[in-house]
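*Asks:* Following this line is work.tsv, made up of TSV, C-alpha atoms:
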chain	number	residue	atom	x	y	z
A	158	MET	CA	-16.28	1.67	17.33
A	159	ALA	CA	-17.48	3.97	14.56
A	160	ILE	CA	-16.16	3.72	11.04
A	161	LYS	CA	-13.29	6.09	10.28
A	162	ILE	CA	-13.12	7.69	6.84
A	163	TYR	CA	-9.83	9.28	5.81
A	164	GLY	CA	-10.73	11.63	3.00
A	165	SER	CA	-10.34	15.01	1.38
A	166	SER	CA	-13.40	17.24	1.07
A	167	ASP	CA	-11.97	18.50	-2.24
A	168	SER	CA	-11.98	15.01	-3.77
A	169	GLY	CA	-14.97	13.52	-5.55
A	170	ASN	CA	-13.63	10.04	-4.84
A	171	CYS	CA	-13.75	10.82	-1.12
A	172	LEU	CA	-17.10	12.63	-1.23
A	173	LYS	CA	-18.72	9.59	-2.85
A	174	VAL	CA	-17.91	7.64	0.27
A	175	ARG	CA	-19.29	10.36	2.57
A	176	TRP	CA	-22.51	10.68	0.55
A	177	VAL	CA	-23.16	6.94	0.60
A	178	ALA	CA	-22.41	6.77	4.34
A	179	ASP	CA	-24.77	9.72	4.95
A	180	ARG	CA	-27.52	8.27	2.79
A	181	LEU	CA	-27.28	4.93	4.62
A	182	ARG	CA	-27.07	6.72	8.00
A	183	LEU	CA	-23.82	5.02	8.91
A	184	ALA	CA	-22.00	6.44	11.94
A	185	TYR	CA	-18.50	7.56	11.01
A	186	ASP	CA	-15.67	9.91	11.89
A	187	TRP	CA	-14.34	11.93	8.97
A	188	ILE	CA	-10.61	12.48	9.16
A	189	GLU	CA	-9.77	15.29	6.74
A	190	THR	CA	-6.73	14.12	4.76
A	191	SER	CA	-5.55	16.12	1.78
A	192	ALA	CA	-4.23	14.34	-1.29
A	193	PHE	CA	-2.19	17.43	-2.19
A	194	THR	CA	0.07	17.92	0.88
A	195	GLY	CA	2.00	14.66	0.69
A	196	VAL	CA	0.47	13.25	3.88
A	197	THR	CA	-0.92	10.25	1.95
A	198	ARG	CA	2.69	9.42	1.01
A	199	SER	CA	3.95	9.58	4.62
A	200	PRO	CA	5.24	6.36	6.21
A	201	GLU	CA	2.36	6.43	8.74
A	202	PHE	CA	-0.29	6.66	6.05
A	203	LEU	CA	1.40	4.11	3.77
A	204	LYS	CA	1.10	1.61	6.63
A	205	LEU	CA	-2.67	2.06	6.41
A	206	ASN	CA	-2.87	2.14	2.62
A	207	PRO	CA	0.22	1.02	0.67
A	208	ALA	CA	-1.35	2.57	-2.43
A	209	GLY	CA	-0.97	6.00	-0.76
A	210	GLN	CA	-4.46	7.14	-1.66
A	211	VAL	CA	-7.59	8.51	-0.05
A	212	PRO	CA	-10.34	7.60	0.56
A	213	LEU	CA	-9.37	4.96	3.08
A	214	VAL	CA	-11.80	3.46	5.53
A	215	VAL	CA	-11.18	1.78	8.88
A	216	LEU	CA	-14.19	-0.43	9.43
A	217	ASP	CA	-15.79	-0.88	12.85
A	218	ASP	CA	-13.73	-4.02	13.46
A	219	GLY	CA	-10.49	-2.15	12.63
A	220	ARG	CA	-10.00	-3.68	9.20
A	221	LEU	CA	-8.98	-1.44	6.30
A	222	LEU	CA	-10.57	-0.87	2.92
A	223	ALA	CA	-9.43	1.36	0.05
A	224	GLN	CA	-10.69	2.31	-3.43
A	225	SER	CA	-13.76	4.55	-3.43
A	226	ASN	CA	-15.94	2.31	-5.55
A	227	ALA	CA	-15.05	-0.79	-3.53
A	228	ILE	CA	-15.89	1.08	-0.31
A	229	ILE	CA	-19.29	2.29	-1.51
A	230	THR	CA	-20.08	-1.18	-2.88
A	231	HIS	CA	-19.30	-2.64	0.55
A	232	PHE	CA	-21.34	-0.05	2.43
A	233	ALA	CA	-24.34	-0.41	0.12
A	234	GLU	CA	-24.59	-4.20	-0.21
A	235	ASN	CA	-28.23	-5.24	0.18
A	236	THR	CA	-29.53	-1.66	0.13
A	237	ASP	CA	-31.64	0.13	-2.48
A	238	LEU	CA	-28.49	1.75	-3.92
A	239	VAL	CA	-27.59	-1.58	-5.55
A	240	PRO	CA	-30.13	-3.07	-7.99
A	241	ARG	CA	-31.61	-6.43	-7.00
A	242	ASP	CA	-31.82	-7.53	-10.63
A	243	ALA	CA	-28.60	-9.27	-11.66
A	244	TYR	CA	-28.34	-7.57	-15.05
A	245	ASP	CA	-29.02	-4.11	-13.63
A	246	ARG	CA	-26.42	-4.79	-10.94
A	247	ALA	CA	-23.92	-5.76	-13.67
A	248	LYS	CA	-24.67	-2.53	-15.55
A	249	MET	CA	-24.05	-0.60	-12.32
A	250	PHE	CA	-20.62	-2.23	-12.09
A	251	GLU	CA	-20.02	-1.50	-15.78
A	252	TRP	CA	-20.49	2.23	-15.01
A	253	LEU	CA	-18.36	2.04	-11.85
A	254	PHE	CA	-15.43	0.48	-13.68
A	255	TRP	CA	-15.89	2.84	-16.64
A	256	GLU	CA	-15.83	5.78	-14.22
A	257	GLN	CA	-12.42	4.86	-12.89
A	258	TYR	CA	-10.96	4.10	-16.32
A	259	SER	CA	-12.58	6.53	-18.75
A	260	HIS	CA	-14.00	9.44	-16.74
A	261	GLU	CA	-12.06	10.14	-13.53
A	262	PRO	CA	-8.56	10.09	-15.12
A	263	TYR	CA	-9.64	12.89	-17.47
A	264	VAL	CA	-12.44	14.92	-15.85
A	265	ALA	CA	-11.12	14.78	-12.28
A	266	VAL	CA	-7.49	15.20	-13.28
A	267	ARG	CA	-8.32	18.24	-15.40
A	268	ILE	CA	-10.27	19.77	-12.51
A	269	ALA	CA	-7.16	19.26	-10.36
A	270	ARG	CA	-4.85	20.84	-12.96
A	271	VAL	CA	-7.05	23.87	-13.68
A	272	HIS	CA	-8.78	24.58	-10.39
A	273	PHE	CA	-6.52	23.30	-7.62
A	274	GLN	CA	-3.05	23.47	-9.19
A	275	LYS	CA	-3.80	26.61	-11.25
A	276	LYS	CA	-1.87	25.34	-14.26
A	277	ARG	CA	-1.80	27.37	-17.45
A	278	GLU	CA	-3.63	25.86	-20.43
A	279	ASP	CA	-0.34	25.17	-22.25
A	280	GLU	CA	0.91	23.16	-19.24
A	281	ILE	CA	-2.05	20.76	-19.38
A	282	ASP	CA	-2.10	17.58	-21.45
A	283	PRO	CA	-4.68	18.29	-24.21
A	284	ASN	CA	-5.73	14.66	-24.00
A	285	LEU	CA	-7.49	15.42	-20.71
A	286	LYS	CA	-9.94	17.71	-22.49
A	287	THR	CA	-10.56	15.41	-25.45
A	288	ARG	CA	-11.09	12.30	-23.38
A	289	GLY	CA	-13.05	14.16	-20.70
A	290	ASP	CA	-15.41	15.57	-23.35
A	291	ALA	CA	-15.86	12.07	-24.76
A	292	ALA	CA	-16.76	10.76	-21.30
A	293	LEU	CA	-19.31	13.54	-20.75
A	294	ALA	CA	-20.83	12.91	-24.18
A	295	ARG	CA	-21.14	9.22	-23.32
A	296	LEU	CA	-23.04	10.11	-20.14
A	297	GLU	CA	-25.33	12.46	-22.08
A	298	GLN	CA	-26.08	9.69	-24.56
A	299	GLN	CA	-27.29	7.40	-21.75
A	300	LEU	CA	-29.09	10.08	-19.77
A	301	ALA	CA	-31.07	11.17	-22.82
A	302	GLN	CA	-32.63	7.69	-22.59
A	303	THR	CA	-33.00	7.05	-18.85
A	304	PRO	CA	-33.31	9.36	-15.81
A	305	TYR	CA	-30.55	7.50	-13.97
A	306	LEU	CA	-27.60	5.61	-15.40
A	307	VAL	CA	-29.20	2.24	-14.69
A	308	GLY	CA	-32.83	2.85	-15.50
A	309	ASN	CA	-35.31	4.56	-13.23
A	310	ALA	CA	-33.66	4.52	-9.82
A	311	LEU	CA	-30.63	6.03	-8.14
A	312	THR	CA	-27.73	3.58	-7.80
A	313	LEU	CA	-24.07	3.75	-6.82
A	314	ALA	CA	-23.31	4.43	-10.49
A	315	ASP	CA	-25.01	7.83	-10.30
A	316	ILE	CA	-23.32	8.73	-7.03
A	317	ALA	CA	-19.88	7.76	-8.33
A	318	LEU	CA	-20.30	9.58	-11.63
A	319	VAL	CA	-21.92	12.72	-10.32
A	320	ALA	CA	-19.00	13.33	-7.96
A	321	TYR	CA	-16.71	14.88	-10.57
A	322	THR	CA	-19.30	15.57	-13.28
A	323	ARG	CA	-21.04	18.20	-11.12
A	324	ARG	CA	-17.77	20.09	-10.84
A	325	ALA	CA	-16.58	19.53	-14.43
A	326	HIS	CA	-16.97	23.27	-15.16
A	327	LEU	CA	-14.07	23.86	-12.74
A	328	GLY	CA	-11.93	21.87	-15.19
A	329	GLY	CA	-13.04	24.03	-18.10
A	330	PHE	CA	-15.60	21.56	-19.44
A	331	ASN	CA	-18.63	23.16	-21.05
A	332	LEU	CA	-21.79	21.28	-20.13
A	333	SER	CA	-24.19	23.49	-22.10
A	334	SER	CA	-24.63	20.96	-24.89
A	335	TYR	CA	-25.52	18.19	-22.43
A	336	PRO	CA	-29.04	19.03	-21.20
A	337	SER	CA	-29.87	15.51	-20.02
A	338	LEU	CA	-26.63	15.35	-18.07
A	339	GLN	CA	-27.32	18.71	-16.43
A	340	ALA	CA	-30.83	17.61	-15.42
A	341	TRP	CA	-29.39	14.37	-14.01
A	342	VAL	CA	-26.79	16.25	-11.94
A	343	LYS	CA	-29.61	18.30	-10.35
A	344	ARG	CA	-31.69	15.15	-9.82
A	345	VAL	CA	-28.88	13.29	-8.06
A	346	GLU	CA	-27.88	16.37	-6.04
A	347	ALA	CA	-31.49	16.64	-4.85
A	348	ASP	CA	-31.63	12.93	-4.03
A	349	LEU	CA	-28.49	13.27	-1.94
A	350	GLY	CA	-29.45	16.61	-0.39
A	351	LEU	CA	-26.35	18.31	-1.82
A	352	PRO	CA	-25.93	21.98	-2.63
A	353	LYS	CA	-25.86	22.55	-6.38
A	354	GLY	CA	-22.37	21.95	-7.78
A	355	ASN	CA	-22.81	24.40	-10.61
A	356	GLU	CA	-23.33	27.25	-8.19
A	357	THR	CA	-19.92	26.92	-6.59
A	358	PRO	CA	-17.48	28.68	-8.91
B	145	MET	CA	-28.65	-18.85	-27.41
B	146	ALA	CA	-25.04	-19.01	-26.26
B	147	ILE	CA	-23.25	-16.00	-24.88
B	148	LYS	CA	-21.22	-14.09	-27.46
B	149	ILE	CA	-17.89	-12.60	-26.38
B	150	TYR	CA	-16.36	-9.94	-28.65
B	151	GLY	CA	-12.72	-9.87	-27.70
B	152	SER	CA	-9.12	-9.75	-28.81
B	153	SER	CA	-6.84	-12.69	-27.96
B	154	ASP	CA	-4.01	-10.15	-27.56
B	155	SER	CA	-5.83	-8.28	-24.79
B	156	GLY	CA	-5.58	-9.20	-21.14
B	157	ASN	CA	-8.90	-7.46	-20.50
B	158	CYS	CA	-10.53	-9.79	-23.02
B	159	LEU	CA	-8.68	-12.91	-21.90
B	160	LYS	CA	-9.90	-12.41	-18.32
B	161	VAL	CA	-13.43	-12.84	-19.62
B	162	ARG	CA	-12.54	-15.98	-21.57
B	163	TRP	CA	-10.72	-17.53	-18.60
B	164	VAL	CA	-13.62	-16.93	-16.23
B	165	ALA	CA	-16.10	-18.28	-18.78
B	166	ASP	CA	-13.92	-21.37	-19.29
B	167	ARG	CA	-13.45	-21.93	-15.57
B	168	LEU	CA	-17.20	-21.70	-15.00
B	169	ARG	CA	-17.86	-23.89	-18.06
B	170	LEU	CA	-20.11	-21.31	-19.67
B	171	ALA	CA	-21.03	-21.92	-23.30
B	172	TYR	CA	-19.95	-19.02	-25.49
B	173	ASP	CA	-18.94	-17.99	-28.98
B	174	TRP	CA	-15.73	-16.00	-29.16
B	175	ILE	CA	-15.80	-13.32	-31.84
B	176	GLU	CA	-12.22	-12.25	-32.45
B	177	THR	CA	-12.26	-8.43	-32.51
B	178	SER	CA	-9.00	-6.53	-32.56
B	179	ALA	CA	-8.69	-3.30	-30.61
B	180	PHE	CA	-5.92	-2.17	-32.96
B	181	THR	CA	-7.62	-2.19	-36.39
B	182	GLY	CA	-10.30	0.43	-35.71
B	183	VAL	CA	-13.16	-2.06	-35.90
B	184	THR	CA	-14.20	-1.19	-32.32
B	185	ARG	CA	-14.67	2.40	-33.53
B	186	SER	CA	-16.86	1.40	-36.48
B	187	PRO	CA	-20.50	2.56	-36.49
B	188	GLU	CA	-21.68	-1.07	-36.25
B	189	PHE	CA	-19.58	-1.78	-33.18
B	190	LEU	CA	-20.39	1.56	-31.51
B	191	LYS	CA	-24.05	0.56	-31.68
B	192	LEU	CA	-23.16	-2.44	-29.50
B	193	ASN	CA	-20.78	-0.58	-27.18
B	194	PRO	CA	-20.79	3.23	-27.34
B	195	ALA	CA	-17.53	3.19	-25.38
B	196	GLY	CA	-15.87	1.56	-28.43
B	197	GLN	CA	-14.08	-1.08	-26.38
B	198	VAL	CA	-13.64	-4.82	-26.17
B	199	PRO	CA	-14.44	-7.02	-24.35
B	200	LEU	CA	-18.14	-6.79	-25.01
B	201	VAL	CA	-20.56	-9.55	-24.16
B	202	VAL	CA	-23.96	-10.35	-25.62
B	203	LEU	CA	-25.74	-12.34	-22.92
B	204	ASP	CA	-27.99	-15.29	-23.72
B	205	ASP	CA	-31.06	-13.01	-23.66
B	206	GLY	CA	-29.44	-10.60	-26.14
B	207	ARG	CA	-28.59	-7.90	-23.62
B	208	LEU	CA	-25.17	-6.26	-23.71
B	209	LEU	CA	-22.51	-5.87	-21.07
B	210	ALA	CA	-19.12	-4.12	-21.27
B	211	GLN	CA	-16.13	-3.53	-18.96
B	212	SER	CA	-14.04	-6.63	-18.32
B	213	ASN	CA	-14.29	-6.52	-14.55
B	214	ALA	CA	-18.06	-5.96	-14.61
B	215	ILE	CA	-18.44	-8.91	-16.98
B	216	ILE	CA	-16.41	-11.32	-14.87
B	217	THR	CA	-18.22	-10.15	-11.72
B	218	HIS	CA	-21.54	-10.91	-13.43
B	219	PHE	CA	-20.41	-14.33	-14.68
B	220	ALA	CA	-18.98	-15.33	-11.31
B	221	GLU	CA	-21.73	-14.19	-8.91
B	222	ASN	CA	-22.39	-16.94	-6.38
B	223	THR	CA	-19.42	-19.04	-7.47
B	224	ASP	CA	-16.20	-19.85	-5.63
B	225	LEU	CA	-14.37	-17.12	-7.57
B	226	VAL	CA	-16.10	-14.50	-5.37
B	227	PRO	CA	-15.51	-14.73	-1.61
B	228	ARG	CA	-18.60	-15.39	0.53
B	229	ASP	CA	-17.24	-13.28	3.36
B	230	ALA	CA	-18.32	-9.64	2.94
B	231	TYR	CA	-14.94	-8.17	3.85
B	232	ASP	CA	-13.02	-10.52	1.58
B	233	ARG	CA	-15.46	-9.69	-1.21
B	234	ALA	CA	-14.84	-5.98	-0.61
B	235	LYS	CA	-11.08	-6.57	-0.80
B	236	MET	CA	-11.59	-8.39	-4.09
B	237	PHE	CA	-13.38	-5.32	-5.45
B	238	GLU	CA	-10.61	-3.09	-4.05
B	239	TRP	CA	-8.13	-5.01	-6.19
B	240	LEU	CA	-10.42	-4.98	-9.24
B	241	PHE	CA	-10.84	-1.21	-9.13
B	242	TRP	CA	-7.13	-0.72	-8.36
B	243	GLU	CA	-6.31	-2.87	-11.39
B	244	GLN	CA	-8.20	-0.61	-13.77
B	245	TYR	CA	-6.86	2.61	-12.22
B	246	SER	CA	-3.30	1.89	-11.13
B	247	HIS	CA	-2.09	-1.21	-13.01
B	248	GLU	CA	-3.69	-1.61	-16.44
B	249	PRO	CA	-3.14	2.02	-17.60
B	250	TYR	CA	0.61	1.55	-17.08
B	251	VAL	CA	1.51	-2.14	-17.40
B	252	ALA	CA	-0.92	-2.96	-20.22
B	253	VAL	CA	-0.36	0.29	-22.08
B	254	ARG	CA	3.41	-0.16	-21.96
B	255	ILE	CA	3.06	-3.72	-23.29
B	256	ALA	CA	1.02	-2.25	-26.15
B	257	ARG	CA	3.60	0.45	-26.90
B	258	VAL	CA	6.65	-1.82	-26.76
B	259	HIS	CA	5.38	-5.17	-28.00
B	260	PHE	CA	2.45	-4.47	-30.31
B	261	GLN	CA	3.17	-0.97	-31.60
B	262	LYS	CA	6.98	-1.42	-31.62
B	263	LYS	CA	7.60	2.11	-30.34
B	264	ARG	CA	11.14	3.27	-29.63
B	265	GLU	CA	11.95	3.87	-25.96
B	266	ASP	CA	12.16	7.65	-26.53
B	267	GLU	CA	8.62	7.65	-27.98
B	268	ILE	CA	7.13	6.11	-24.81
B	269	ASP	CA	5.90	8.18	-21.86
B	270	PRO	CA	8.42	7.40	-19.05
B	271	ASN	CA	5.53	7.58	-16.58
B	272	LEU	CA	4.33	4.20	-17.85
B	273	LYS	CA	7.48	2.52	-16.54
B	274	THR	CA	7.55	4.34	-13.20
B	275	ARG	CA	3.88	3.76	-12.41
B	276	GLY	CA	3.94	0.23	-13.78
B	277	ASP	CA	6.91	-0.64	-11.57
B	278	ALA	CA	5.06	0.82	-8.59
B	279	ALA	CA	2.02	-1.34	-9.34
B	280	LEU	CA	4.15	-4.48	-9.63
B	281	ALA	CA	5.92	-3.66	-6.35
B	282	ARG	CA	2.50	-3.22	-4.69
B	283	LEU	CA	1.48	-6.70	-5.87
B	284	GLU	CA	4.75	-8.18	-4.60
B	285	GLN	CA	4.16	-6.60	-1.20
B	286	GLN	CA	0.78	-8.34	-0.89
B	287	LEU	CA	1.88	-11.64	-2.39
B	288	ALA	CA	4.80	-11.90	0.02
B	289	GLN	CA	2.10	-12.20	2.69
B	290	THR	CA	-0.65	-14.30	1.08
B	291	PRO	CA	-0.65	-16.87	-1.74
B	292	TYR	CA	-3.52	-15.12	-3.50
B	293	LEU	CA	-4.45	-11.45	-3.46
B	294	VAL	CA	-7.37	-12.05	-1.10
B	295	GLY	CA	-6.01	-14.67	1.26
B	296	ASN	CA	-5.78	-18.35	0.52
B	297	ALA	CA	-8.06	-18.84	-2.45
B	298	LEU	CA	-8.21	-17.85	-6.10
B	299	THR	CA	-10.66	-15.00	-6.75
B	300	LEU	CA	-11.52	-12.70	-9.64
B	301	ALA	CA	-8.84	-10.33	-8.32
B	302	ASP	CA	-6.09	-12.82	-9.22
B	303	ILE	CA	-7.57	-13.52	-12.64
B	304	ALA	CA	-7.89	-9.82	-13.44
B	305	LEU	CA	-4.43	-8.93	-12.23
B	306	VAL	CA	-2.57	-11.88	-13.69
B	307	ALA	CA	-3.83	-11.03	-17.18
B	308	TYR	CA	-1.27	-8.31	-17.88
B	309	THR	CA	1.20	-9.11	-15.08
B	310	ARG	CA	2.13	-12.46	-16.71
B	311	ARG	CA	3.10	-10.60	-19.87
B	312	ALA	CA	4.70	-7.58	-18.20
B	313	HIS	CA	8.13	-8.64	-19.52
B	314	LEU	CA	6.82	-7.84	-23.02
B	315	GLY	CA	6.51	-4.24	-21.83
B	316	GLY	CA	10.11	-4.21	-20.62
B	317	PHE	CA	9.26	-4.74	-16.95
B	318	ASN	CA	11.80	-6.75	-15.02
B	319	LEU	CA	10.11	-9.16	-12.63
B	320	SER	CA	13.30	-10.68	-11.20
B	321	SER	CA	13.06	-8.73	-7.93
B	322	TYR	CA	9.49	-9.90	-7.35
B	323	PRO	CA	9.78	-13.58	-6.37
B	324	SER	CA	6.37	-13.79	-4.68
B	325	LEU	CA	4.70	-12.23	-7.70
B	326	GLN	CA	6.44	-14.69	-10.03
B	327	ALA	CA	5.32	-17.64	-7.91
B	328	TRP	CA	1.76	-16.27	-7.87
B	329	VAL	CA	1.72	-15.92	-11.67
B	330	LYS	CA	2.67	-19.62	-11.99
B	331	ARG	CA	0.08	-20.58	-9.34
B	332	VAL	CA	-2.75	-18.74	-11.09
B	333	GLU	CA	-1.67	-19.97	-14.53
B	334	ALA	CA	-1.78	-23.54	-13.17
B	335	ASP	CA	-5.20	-22.95	-11.58
B	336	LEU	CA	-6.53	-21.70	-14.91
B	337	GLY	CA	-4.73	-24.30	-17.01
B	338	LEU	CA	-2.86	-21.64	-18.99
B	339	PRO	CA	0.50	-21.97	-20.72
B	340	LYS	CA	3.20	-20.11	-18.87
B	341	GLY	CA	3.18	-16.42	-19.85
B	342	ASN	CA	6.90	-16.02	-19.36
B	343	GLU	CA	7.62	-18.63	-21.98
B	344	THR	CA	5.88	-16.79	-24.79
B	345	PRO	CA	8.31	-14.16	-26.09
Starting from the file, lay out its structure as structure tokens.
*Replies:*
Amino acid sequence: MAIKIYGSSDSGNCLKVRWVADRLRLAYDWIETSAFTGVTRSPEFLKLNPAGQVPLVVLDDGRLLAQSNAIITHFAENTDLVPRDAYDRAKMFEWLFWEQYSHEPYVAVRIARVHFQKKREDEIDPNLKTRGDAALARLEQQLAQTPYLVGNALTLADIALVAYTRRAHLGGFNLSSYPSLQAWVKRVEADLGLPKGNETP
Amino acid sequence: MAIKIYGSSDSGNCLKVRWVADRLRLAYDWIETSAFTGVTRSPEFLKLNPAGQVPLVVLDDGRLLAQSNAIITHFAENTDLVPRDAYDRAKMFEWLFWEQYSHEPYVAVRIARVHFQKKREDEIDPNLKTRGDAALARLEQQLAQTPYLVGNALTLADIALVAYTRRAHLGGFNLSSYPSLQAWVKRVEADLGLPKGNETP
């Protein structure tokens, strides 16, 4: 039985999972599941994931797994996407947890407000911009020093953080003062064989 | 050189790190560092952690590591706090990422607003209560089925999630309708040798 991935193609959290599965050549069925239509709050879906969120994965033995960064960590165990060195692996997890706490809630949420929900500027919490800019500046600071977030090789940290960063312009974030970040987005997109995020308006 | 832990004794995120270090009998120096006084935003501290957050750990070789759940994962690799089974380990990470995204930003932040910052109810975002209650109900749902979050044994998931849950009453959360959660808090507190959180006002 192939893996099933319930996910939305509009969601960076879901795309992370698809990219890692593709890179590792895992066989899977993608079940397009929007986070915006309420289907993830339906009784049927809540039986699969009581947290009411995509992505959700049904593994080949039928067991369920949620949380994008937990899913990609599971898929990528013992592959070159996870550093073998214990300290580098810990730094990868540092970025993964930071992504969910300090980046996604601002950058991704602002992309949703501006681009998908078409909110007016005065309807959007200004905190999303301030905190999102701080997160992008933090990435720039690291990427001015190293080509990838954890040194010289692509890890899950890059895949997780590129997911929304490459589309940050859709949330009204201006990346022009972050040259290292822009170069890193292109580098990771090339590694993953993705079309360039900055070209999609 | 012993590990140094920069942390605040008021912070569940910091206490997680101390509890795991104690349980694993790691030698460390605790450097009390409040998140409320601005010291974590000082130039000296930002050199150590550009994210401006505690906990922060200086490992015995002088290298730095941030993000509570990344730190405890690093400390506990290959110990009985991390399941050996790959699926159970993935579920542990699911809870750890869920904690930082769906529990801490509501339960911990409301504890800070009510207990530490002494805000009036009308000054507090009502979302913190709604989402915090949802997170506590989600824990209850799992703990009605299993004694620990990942089956029958204590893992990092329990340690991470008990940190703020045991003090949720200080944020005005009512735990009386969550009997399985209350029993789990006592179980984990006993495992860790902690005083009972519900007794400290």
*Asks:* So which one's closest to chain A, B:Thr223, B:Thr181, B:Asn213, B:Ser186? Using only C-alpha atoms, please.
*Replies:*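 Nearest candidate to chain A out of B:Thr223, B:Thr181, B:Asn213, B:Ser186: B:Asn213.
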*Asks:* Using all atoms listed in the file, determine which residues of chain B fall within 8 Å of chain A; present them as a PyMOL selection string.
*Replies:* chain B and resi 194-195+209-211+213-215+217-218+230-231+234-235+237-238+241-242+244-245+282
*Asks:* Grab the atom CA of Cys171 of chain A to atom CA of Pro212 of chain A distance for me, in Å with one decimal place.
*Replies:* 5.0 Å
*Asks:* Interatomic distance between atom CA of Lys343 of chain A and atom CA of Leu213 of chain A?
*Replies:*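 Result for atom CA of Lys343 of chain A versus atom CA of Leu213 of chain A: 27.7 Å, one decimal.
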*Asks:* Counting all atoms listed in the file, what is within 7 Å of Ile268 of chain A, bar same-chain residues fewer than 6 positions away, as an NGL selection string?
*Replies:* :A and (325 or 327-328)
*Asks:* Can you list, as a count of residues only, every protein, DNA or RNA residue that comes within 12 Å of Arg270 of chain A when you count all atoms listed in the file, leaving out same-chain residues fewer than 6 positions away?
*Replies:* 18
*Asks:* Rank nothing, just name the residue among A:Asp348, A:Asn235, A:Ala265, A:Asp167 nearest to Arg288 of chain A, using all atoms listed in the file.
*Replies:*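 Of A:Asp348, A:Asn235, A:Ala265, A:Asp167, the one nearest Arg288 of chain A is A:Ala265, counting all atoms listed in the file.
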*Asks:* Counting all atoms listed in the file, what is within 10 Å of Gly308 of chain A, bar same-chain residues fewer than 2 positions away, as a ChimeraX atom specification?
*Replies:* /A:240,245,248-249,299-300,302-306,310-312
*Asks:* Would you work out the distance separating atom CA of Ala269 of chain A from atom CA of Arg323 of chain A, expressed in Å to one decimal?
*Replies:*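 Taking atom CA of Ala269 of chain A as the start and atom CA of Arg323 of chain A as the end point, the length is 13.9 Å.
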*Asks:* With distances taken over only C-alpha atoms, which residue among B:Val258, B:Ala220, B:Leu168, B:Leu283 lies nearest Phe317 of chain B?
*Replies:*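 The answer is B:Val258, which sits nearest to Phe317 of chain B.
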